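Quick notes on the structure that follows.
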Amino acid sequence: MPYPPLGASTAPRDCDLLLTGGHVLTPDPEDTGRTVTYEDGAVAVDAGRIVAVGSAATLRRAFRARRDIDCTGRAVLPGFTDAHTHLFQSLARGLGDGMAIWPWLRTFMWPYAIAVTPQDARVAVRLGAAEAARAGITTVVDHHYAPTDTETVLAVADAIEETGLRGAVARGMLGDRTAVAESRGLPTALYRYSTAEELRITAECLASRPAGSRVQVWPAPLNLSYGDPDLVHGAVEQARGAGVRWHTHCSEGAKDPESYLDAYGIRPVAWLEKEGLLDTRATLAHAVWLDEEEIAAVGARRASVAHNPVSNASLASGSMPLAALRAAGATVALGTDGPCAGGRQDMFEVMKQMLFTQRLATLDPASVRCEDALTAATLGGARSTGAAPGAGLVARGAPADLAIVDVSGTARHAPLNRLGAHLVHTAQSSDVVMTIVAGEVVFEDGRCTRIDEEELYAHAREHAAALTRRADITDHTFQGVSPC
Ligand SMILES: [Zn+2]
């Protein structure tokens, strides 16, 4: 692949960073699922943006950098977007294993979420954000629902930003208790606010963290199935008015659309379409149990789906109809779904599971390629968040959000035959050696650069011990719970 043209300038230009000698990989900007690799490539970064991509030899002549970074033996790729996570769950990692989504929520996650204090949430989110930064994730969409008062939501946004990441706190909302919530036995303590109060609090948060903020706030009904439909209307209106995205859990378990159909006589995504609520601002997390009409609507409205294949496998929720959604026109992003539904904030693991899930579901090994997974984890994620033009690419003019991955330092990296496959099948998050957000190095040499991680880990252990005791979710709690 020829290098892109550099421009007419002849004298060396100053820049902040010059990354040279790596395998530079970028998705095709046309979102075809293909990727382009430049060998012995280079990336110049200045004022938070990528100002040139080219051969190492050319860019060494063209730029005089304040910092040179040798990327020999490393892959340079767009930073990952974790398009659906719950960072507050990082204090309960490892608990609740071996249950399907509904008992998992009912006996584990909701009691945990109800017990989380604002202080716990700050520590947990900071811990999750640090883990993400260490894994080459540069943008997180944190669907936060414990607790969701204005002060805590803004503190959560601060915690993400303090690690150096970008993203959004998608403020989880339920609103007035519905007949579906009653019939499915959701705990009343989860319903903290009325629909009007939820929208008022979200409006307050939006005013402090509006569109354009490094970490925004988005309205985010917690679940289409058992949230208040009027709240969904209000959330979409808020998002449209504020120029931000909106986010929700959608048909993760098979019972979600069934219970909605029983209560309202229509499936949840069909209802969104009927009400005119589906558009590019929507990200539907999971979207596992959609019928053909719903898939067509999501695609036609160019809405996004946040695919969480590790979580869906861990909780035995099902496999998202990926090929049909892509063919219909949906934007496909990838998410970890939080530290409790799979164990890691690790997009390498998520990319690999995306392949395996689809190959098993379709019995077709060519149904999805490594490059599709890389594209979804980077460009797809960036598009789902409404990020700046060029985000999710390594291209001139793009935000300088980059992950640098060692692909030479250990036995499994020798030899390297095909970079795209290597990154998905062989690399893992611990191979990330540097994470750059807006031109700033936020993780390097095994350390997050902005925060004291040792102090953070000590706090996290203290909070986790007290919280899991208080919520009564130490592991023995699950003995005797029906797993399905
Ligand atoms: Zn989720």
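By convention here, the chains of the structure tokens are called A, B, ... in the order presented, each chain's residues are numbered starting at 1, and ligands are numbered starting at 1 in the order presented.
Considering only C-alpha atoms and all ligand atoms, every residue of the polymer chains approaching ligand 1 to 7 Å or closer is listed here: His84, Thr85, His86, His143, His249, Ala285, Asp337 and Gly338 of chain A.
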Proximity check range 201-288 of chain A to range 374-386 of chain A, 12 Å, nearest pairs one decimal Å, only C-alpha atoms, as CSV:
residue,atom,partner,partner_atom,distance
A:Ala211,CA,A:Gly386,CA,9.9
A:Gly212,CA,A:Gly386,CA,10.2
A:Arg214,CA,A:Thr385,CA,11.9
A:Val215,CA,A:Thr385,CA,11.1
A:Gln216,CA,A:Thr385,CA,10.2
A:Val217,CA,A:Thr385,CA,11.5
A:Trp218,CA,A:Thr385,CA,10.2
A:Ala239,CA,A:Gly386,CA,11.9
A:Gly243,CA,A:Gly386,CA,9.6
A:Val244,CA,A:Gly386,CA,7.8
A:Arg245,CA,A:Thr385,CA,6.7
A:Trp246,CA,A:Thr385,CA,9.2
A:His247,CA,A:Thr385,CA,9.7
A:Asp279,CA,A:Ser384,CA,11.2
A:Thr280,CA,A:Ser384,CA,7.9
A:Arg281,CA,A:Gly386,CA,7.7
A:Ala282,CA,A:Ser384,CA,8.1
A:Thr283,CA,A:Ser384,CA,6.7
A:Leu284,CA,A:Ser384,CA,9.9
A:Ala285,CA,A:Ser384,CA,11.0
field: Coordinates-based distance that separates CA of Ala421 in chain A from CA of Asp31 in chain A (Å, one decimal)
entry: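 Pair CA of Asp31 in chain A / CA of Ala421 in chain A returns 17.9 Å.
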field: Nearest to Thr426 in chain A by atom-to-atom distance, counting only C-alpha atoms, from A:Leu393, A:Cys370, A:Ala471, A:Ala56
entry: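 Residue with the minimum atom-to-atom distance to Thr426 in chain A: A:Cys370.
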Shortest interatomic distance to Lys255 in chain A - which of A:Leu206, A:Ala100, A:Val394, A:Val305, counting only C-alpha atoms: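 Ranking A:Leu206, A:Ala100, A:Val394, A:Val305 by distance to Lys255 in chain A, first place goes to A:Ala100.
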message: Please list as a PyMOL selection string every residue within 10 Å of Pro257 in chain A, counting only C-alpha atoms and excluding residues in the same chain fewer than 5 positions away.
response: chain A and resi 224-226+250-252+262-263+266-270+289-291
Limited to N, CA, C and O atoms, could you put the picked residues into a file as a compact mmCIF listing (two decimals), in the first residue's frame?
# COMPACT_ATOMS: atom_id res chain seq x y z
N LEU A 224 -34.61 -0.87 27.83
CA LEU A 224 -35.87 -0.59 27.12
C LEU A 224 -37.00 -1.42 27.66
O LEU A 224 -38.15 -0.99 27.67
N SER A 225 -36.69 -2.63 28.12
CA SER A 225 -37.73 -3.58 28.47
C SER A 225 -38.47 -3.17 29.75
O SER A 225 -39.70 -3.20 29.78
N TYR A 226 -37.72 -2.81 30.79
CA TYR A 226 -38.40 -2.53 32.06
C TYR A 226 -38.27 -1.09 32.52
O TYR A 226 -38.64 -0.77 33.64
N CYS A 250 -30.56 -3.15 25.33
CA CYS A 250 -31.67 -3.48 24.43
C CYS A 250 -31.66 -4.98 24.14
O CYS A 250 -30.71 -5.49 23.55
N SER A 251 -32.72 -5.66 24.56
CA SER A 251 -32.94 -7.07 24.17
C SER A 251 -31.68 -7.91 24.33
O SER A 251 -31.26 -8.61 23.41
N GLU A 252 -31.13 -7.83 25.54
CA GLU A 252 -29.94 -8.63 25.86
C GLU A 252 -30.34 -10.08 26.10
O GLU A 252 -29.69 -11.00 25.61
N ASP A 262 -45.60 -8.61 25.72
CA ASP A 262 -46.76 -8.94 26.56
C ASP A 262 -47.40 -7.69 27.15
O ASP A 262 -48.62 -7.57 27.22
N ALA A 263 -46.57 -6.75 27.57
CA ALA A 263 -47.08 -5.56 28.27
C ALA A 263 -47.63 -4.51 27.31
O ALA A 263 -48.61 -3.83 27.61
N ILE A 266 -46.09 -4.75 21.46
CA ILE A 266 -45.12 -4.43 20.41
C ILE A 266 -43.74 -4.75 20.95
O ILE A 266 -43.52 -4.70 22.18
N ARG A 267 -42.81 -5.08 20.09
CA ARG A 267 -41.44 -5.35 20.54
C ARG A 267 -40.71 -4.01 20.77
O ARG A 267 -41.07 -3.00 20.17
N PRO A 268 -39.68 -4.00 21.63
CA PRO A 268 -39.10 -2.71 22.04
C PRO A 268 -38.47 -1.89 20.91
O PRO A 268 -38.67 -0.67 20.85
N VAL A 269 -37.74 -2.53 20.01
CA VAL A 269 -37.11 -1.74 18.94
C VAL A 269 -38.16 -1.33 17.90
O VAL A 269 -38.08 -0.23 17.33
N ALA A 270 -39.15 -2.19 17.70
CA ALA A 270 -40.26 -1.79 16.81
C ALA A 270 -40.96 -0.57 17.39
O ALA A 270 -41.38 0.34 16.66
N TRP A 289 -31.61 -10.08 20.74
CA TRP A 289 -32.89 -10.70 20.40
C TRP A 289 -33.76 -9.70 19.63
O TRP A 289 -34.70 -9.13 20.15
N LEU A 290 -33.38 -9.48 18.38
CA LEU A 290 -34.17 -8.61 17.49
C LEU A 290 -34.80 -9.46 16.41
O LEU A 290 -34.20 -10.43 15.94
N ASP A 291 -36.00 -9.09 15.97
CA ASP A 291 -36.56 -9.80 14.82
C ASP A 291 -36.15 -9.06 13.54
O ASP A 291 -35.49 -8.02 13.58
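Counting from CA of Thr188 in chain A, the distance to CA of Gly343 in chain A is 27.9 Å.
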message: Excluding Ala366 in chain A and its own-chain neighbours fewer than 6 positions away, which residues fall within 12 Å of it when counting only C-alpha atoms? Please give them as a ChimeraX atom specification.
response: /A:323,355-356,358-360,372
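For the residues A:Asp16, A:Asp149, A:Asp230, A:Asp70, ranking by smallest atom-to-atom distance to Asp176 in chain A using only C-alpha atoms places A:Asp230 first.
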